[in-house]
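Remarks on the structure that follows.
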Amino acid sequence: MESSQWLPRLTVATIIERDGRFLLVEEYADGEELVYNQPAGHLDEHETLAAAAIRETLEETAWEVQVDAIVGVYYWTHPKGHTFIRTCFAGTALQHHPGQPLDDGIQRALWLTWEEIVALGPKLRSPMVLRCLEDYRSGIRHPLSLMNYL
């Protein structure tokens, strides 16, 4: 009998705040449902978590960013069974490239207030979206040196 191996999905996300608004993406989850998320995605081979967060933010929003701190690491299992481990970074917007096409599935990038994000409720892609923002708003920041690459 062949056993299946459980493989969590390692992802990154960024919280970018500017003028009291947060950078989010409107995207199709599983190609079906329109939802809202932080710029987020999967780690590529031989890529650091911080580099993945910077790359994903650029690909999904056309914003160049720098990451300044780690907000937290989040573990969540989707009702369909997939488990996600997300490292969420806080960062700063540096430069926008409005002519750059966005990743497949991304409808648009937008800047929303905290109140607008909370009002989205079930339209948020996962509970991690709000939890990351709550932790960020409460002042949680860990130094990037928390990650050790050997």
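Residue numbering restarts at 1 in every chain; chains get A, B, ... in the order shown in the structure tokens, and ligands count up from 1 in that same order.
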
TODO: Fewer than 5 positions away in the same chain doesn't count, so skip those; otherwise give me all residues within 9 Å of stretch 12-20 of chain A, counting only C-alpha atoms, as a PyMOL selection string.
DONE: chain A and resi 37-43+49-50+52-54+56-57+65+67+71+85-93+111-114+129+132-133+136

Open item on the list: Would you pick out the contacts of A:Pro79 at 12 Å or less, using only C-alpha atoms, so that residues sharing its chain but fewer than 4 positions from it are not included, and give the list as a PyMOL selection string?
Closed with: chain A and resi 83-84+126-127

Could you save the residues just selected, with C-alpha atoms, as a PDB file, in the first residue's frame?
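Produced file out-v5.pdb, reproduced below:
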ATOM      1  CA  THR A  83      -2.644  23.398   5.089  1.00  0.00           C
ATOM      2  CA  PHE A  84      -0.872  26.716   4.628  1.00  0.00           C
ATOM      3  CA  SER A 126      -8.663  33.304   4.335  1.00  0.00           C
ATOM      4  CA  PRO A 127      -8.739  34.135   8.054  1.00  0.00           C
TER       5      PRO A 127
END

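Shortest separation to A:Leu102 among A:Asn148, A:Thr61, A:Ser138, A:Gln66 occurs at residue A:Thr61, atoms counted being only C-alpha atoms.
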
Open item on the list: So, with only C-alpha atoms as the atoms that count, which of A:Met147, A:Leu124, A:His142, A:Phe22 lies closest to A:Ala69?
Closed with: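 Nearest candidate to A:Ala69 out of A:Met147, A:Leu124, A:His142, A:Phe22: A:His142.
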
TODO: Please indicate the distance in Å from atom CA of A:His46 to atom CA of A:His82, rounded to one decimal place.
DONE: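 Distance between the two atoms: 23.0 Å.
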
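When only C-alpha atoms are used to compute distances to A:Tyr149, the closest of the residues A:Tyr36, A:Ala119, A:Glu47, A:Leu23 turns out to be A:Glu47.
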
TODO: Within 6 Å of stretch 95-100 of chain A, counting only C-alpha atoms, which residues show up once you throw out same-chain ones fewer than 4 positions away? Write them as an NGL selection string, please.
DONE: :A and (62-64)

TODO: Find the distance between atom CA of A:Asp30 and atom CA of A:Glu45 and write it in Å to one decimal.
DONE: 22.4 Å

- [ ] Select, from A:Leu110, A:Leu144, A:Ala51, A:Leu58, the residue with the minimum atom-to-atom distance to A:Ile70, counting only C-alpha atoms.
- [x]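 The shortest atom-to-atom distance to A:Ile70 comes from A:Leu144.
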
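With only C-alpha atoms as the basis for measurement, A:His78 is the residue among A:Arg55, A:Arg21, A:Arg9, A:His78 that approaches A:Met128 most closely.
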
TODO: For atom CA of A:Leu130 and atom CA of A:Glu26, determine how far apart the two atoms are, in Å to one decimal place.
DONE: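 So the answer is 14.8 Å.
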
Pick out each residue of chain A that DSSP on the backbone tags as alpha helix (DSSP H); I need them as a PDB file with N, CA and C atoms, in the first residue's frame.
ATOM      1  N   LEU A  49      12.552  33.690   1.929  1.00  0.00           N
ATOM      2  CA  LEU A  49      11.175  34.104   2.186  1.00  0.00           C
ATOM      3  C   LEU A  49      10.982  35.587   1.883  1.00  0.00           C
ATOM      4  N   ALA A  50      11.950  36.407   2.282  1.00  0.00           N
ATOM      5  CA  ALA A  50      11.847  37.849   2.026  1.00  0.00           C
ATOM      6  C   ALA A  50      11.855  38.138   0.527  1.00  0.00           C
ATOM      7  N   ALA A  51      12.734  37.460  -0.209  1.00  0.00           N
ATOM      8  CA  ALA A  51      12.786  37.663  -1.664  1.00  0.00           C
ATOM      9  C   ALA A  51      11.473  37.232  -2.316  1.00  0.00           C
ATOM     10  N   ALA A  52      10.885  36.148  -1.830  1.00  0.00           N
ATOM     11  CA  ALA A  52       9.599  35.684  -2.362  1.00  0.00           C
ATOM     12  C   ALA A  52       8.510  36.726  -2.116  1.00  0.00           C
ATOM     13  N   ALA A  53       8.508  37.322  -0.926  1.00  0.00           N
ATOM     14  CA  ALA A  53       7.502  38.336  -0.594  1.00  0.00           C
ATOM     15  C   ALA A  53       7.639  39.561  -1.504  1.00  0.00           C
ATOM     16  N   ILE A  54       8.852  39.986  -1.746  1.00  0.00           N
ATOM     17  CA  ILE A  54       9.106  41.136  -2.625  1.00  0.00           C
ATOM     18  C   ILE A  54       8.682  40.805  -4.056  1.00  0.00           C
ATOM     19  N   ARG A  55       9.056  39.627  -4.540  1.00  0.00           N
ATOM     20  CA  ARG A  55       8.711  39.213  -5.903  1.00  0.00           C
ATOM     21  C   ARG A  55       7.193  39.087  -6.076  1.00  0.00           C
ATOM     22  N   GLU A  56       6.545  38.401  -5.145  1.00  0.00           N
ATOM     23  CA  GLU A  56       5.096  38.206  -5.258  1.00  0.00           C
ATOM     24  C   GLU A  56       4.356  39.545  -5.238  1.00  0.00           C
ATOM     25  N   THR A  57       4.792  40.460  -4.403  1.00  0.00           N
ATOM     26  CA  THR A  57       4.136  41.775  -4.338  1.00  0.00           C
ATOM     27  C   THR A  57       4.272  42.499  -5.673  1.00  0.00           C
ATOM     28  N   LEU A  58       5.443  42.460  -6.266  1.00  0.00           N
ATOM     29  CA  LEU A  58       5.644  43.094  -7.573  1.00  0.00           C
ATOM     30  C   LEU A  58       4.788  42.430  -8.642  1.00  0.00           C
ATOM     31  N   GLU A  59       4.770  41.092  -8.669  1.00  0.00           N
ATOM     32  CA  GLU A  59       4.007  40.368  -9.694  1.00  0.00           C
ATOM     33  C   GLU A  59       2.502  40.589  -9.566  1.00  0.00           C
ATOM     34  N   GLU A  60       2.025  40.717  -8.332  1.00  0.00           N
ATOM     35  CA  GLU A  60       0.576  40.825  -8.125  1.00  0.00           C
ATOM     36  C   GLU A  60       0.044  42.247  -8.097  1.00  0.00           C
ATOM     37  N   THR A  61       0.916  43.222  -7.813  1.00  0.00           N
ATOM     38  CA  THR A  61       0.436  44.601  -7.651  1.00  0.00           C
ATOM     39  C   THR A  61       1.148  45.633  -8.518  1.00  0.00           C
ATOM     40  N   TRP A 114      -8.543  50.089   6.938  1.00  0.00           N
ATOM     41  CA  TRP A 114      -8.842  48.986   7.850  1.00  0.00           C
ATOM     42  C   TRP A 114     -10.340  48.689   7.864  1.00  0.00           C
ATOM     43  N   GLU A 115     -11.140  49.745   7.956  1.00  0.00           N
ATOM     44  CA  GLU A 115     -12.594  49.586   8.026  1.00  0.00           C
ATOM     45  C   GLU A 115     -13.147  48.931   6.749  1.00  0.00           C
ATOM     46  N   GLU A 116     -12.623  49.327   5.608  1.00  0.00           N
ATOM     47  CA  GLU A 116     -13.063  48.723   4.346  1.00  0.00           C
ATOM     48  C   GLU A 116     -12.691  47.237   4.273  1.00  0.00           C
ATOM     49  N   ILE A 117     -11.531  46.901   4.798  1.00  0.00           N
ATOM     50  CA  ILE A 117     -11.090  45.495   4.794  1.00  0.00           C
ATOM     51  C   ILE A 117     -11.970  44.663   5.718  1.00  0.00           C
ATOM     52  N   VAL A 118     -12.226  45.165   6.920  1.00  0.00           N
ATOM     53  CA  VAL A 118     -13.084  44.445   7.863  1.00  0.00           C
ATOM     54  C   VAL A 118     -14.470  44.224   7.255  1.00  0.00           C
ATOM     55  N   ALA A 119     -14.980  45.229   6.543  1.00  0.00           N
ATOM     56  CA  ALA A 119     -16.314  45.130   5.939  1.00  0.00           C
ATOM     57  C   ALA A 119     -16.389  44.057   4.851  1.00  0.00           C
ATOM     58  N   LEU A 120     -15.245  43.645   4.296  1.00  0.00           N
ATOM     59  CA  LEU A 120     -15.248  42.603   3.265  1.00  0.00           C
ATOM     60  C   LEU A 120     -15.609  41.234   3.840  1.00  0.00           C
ATOM     61  N   PRO A 127      -8.804  33.427   6.773  1.00  0.00           N
ATOM     62  CA  PRO A 127      -8.739  34.135   8.054  1.00  0.00           C
ATOM     63  C   PRO A 127      -7.362  34.746   8.313  1.00  0.00           C
ATOM     64  N   MET A 128      -6.353  34.282   7.576  1.00  0.00           N
ATOM     65  CA  MET A 128      -5.003  34.826   7.767  1.00  0.00           C
ATOM     66  C   MET A 128      -4.924  36.293   7.367  1.00  0.00           C
ATOM     67  N   VAL A 129      -5.741  36.727   6.414  1.00  0.00           N
ATOM     68  CA  VAL A 129      -5.692  38.115   5.946  1.00  0.00           C
ATOM     69  C   VAL A 129      -5.952  39.069   7.115  1.00  0.00           C
ATOM     70  N   LEU A 130      -7.059  38.868   7.786  1.00  0.00           N
ATOM     71  CA  LEU A 130      -7.412  39.753   8.900  1.00  0.00           C
ATOM     72  C   LEU A 130      -6.472  39.566  10.089  1.00  0.00           C
ATOM     73  N   ARG A 131      -6.106  38.329  10.393  1.00  0.00           N
ATOM     74  CA  ARG A 131      -5.225  38.082  11.540  1.00  0.00           C
ATOM     75  C   ARG A 131      -3.869  38.746  11.349  1.00  0.00           C
ATOM     76  N   CYS A 132      -3.297  38.654  10.158  1.00  0.00           N
ATOM     77  CA  CYS A 132      -2.017  39.327   9.891  1.00  0.00           C
ATOM     78  C   CYS A 132      -2.153  40.833  10.104  1.00  0.00           C
ATOM     79  N   LEU A 133      -3.244  41.405   9.603  1.00  0.00           N
ATOM     80  CA  LEU A 133      -3.462  42.844   9.762  1.00  0.00           C
ATOM     81  C   LEU A 133      -3.693  43.225  11.219  1.00  0.00           C
ATOM     82  N   GLU A 134      -4.432  42.398  11.953  1.00  0.00           N
ATOM     83  CA  GLU A 134      -4.644  42.678  13.376  1.00  0.00           C
ATOM     84  C   GLU A 134      -3.310  42.685  14.121  1.00  0.00           C
ATOM     85  N   ASP A 135      -2.461  41.700  13.842  1.00  0.00           N
ATOM     86  CA  ASP A 135      -1.151  41.646  14.496  1.00  0.00           C
ATOM     87  C   ASP A 135      -0.303  42.855  14.115  1.00  0.00           C
ATOM     88  N   TYR A 136      -0.326  43.208  12.839  1.00  0.00           N
ATOM     89  CA  TYR A 136       0.413  44.378  12.368  1.00  0.00           C
ATOM     90  C   TYR A 136      -0.072  45.640  13.073  1.00  0.00           C
ATOM     91  N   ARG A 137      -1.388  45.822  13.129  1.00  0.00           N
ATOM     92  CA  ARG A 137      -1.960  47.019  13.755  1.00  0.00           C
ATOM     93  C   ARG A 137      -1.685  47.074  15.252  1.00  0.00           C
TER      94      ARG A 137
END

TODO: Between A:Asp104, A:Asp44, A:Leu7, A:Val25, single out the one closest to A:Thr77, counting only C-alpha atoms.
DONE: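 Distance minimum relative to A:Thr77 lands on A:Leu7.
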
TODO: For A:Ala29, work out the shell of residues within 9 Å, counting only C-alpha atoms and skipping chain neighbours fewer than 3 positions away, then give it as a list of chain:residue names.
DONE: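 Final neighbour list, sorted by chain and number: A:Glu32, A:Glu33, A:Leu34, A:Val35, A:Gly105, A:Arg125.
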
Store the residues of this selection in a file with N, CA and C atoms, as a compact mmCIF listing (two decimals), in the first residue's frame.
# COMPACT_ATOMS: atom_id res chain seq x y z
N GLU A 32 -12.32 30.56 -9.39
CA GLU A 32 -13.78 30.62 -9.31
C GLU A 32 -14.32 31.85 -8.60
N GLU A 33 -13.93 32.01 -7.34
CA GLU A 33 -14.53 33.02 -6.47
C GLU A 33 -13.64 34.26 -6.36
N LEU A 34 -14.23 35.44 -6.52
CA LEU A 34 -13.48 36.69 -6.39
C LEU A 34 -13.30 37.01 -4.91
N VAL A 35 -12.04 37.13 -4.48
CA VAL A 35 -11.72 37.37 -3.07
C VAL A 35 -10.65 38.44 -2.95
N GLY A 105 -5.09 35.69 -12.78
CA GLY A 105 -6.04 35.57 -11.67
C GLY A 105 -6.21 36.84 -10.87
N ARG A 125 -9.80 36.19 1.44
CA ARG A 125 -9.40 34.87 0.95
C ARG A 125 -9.28 33.83 2.05
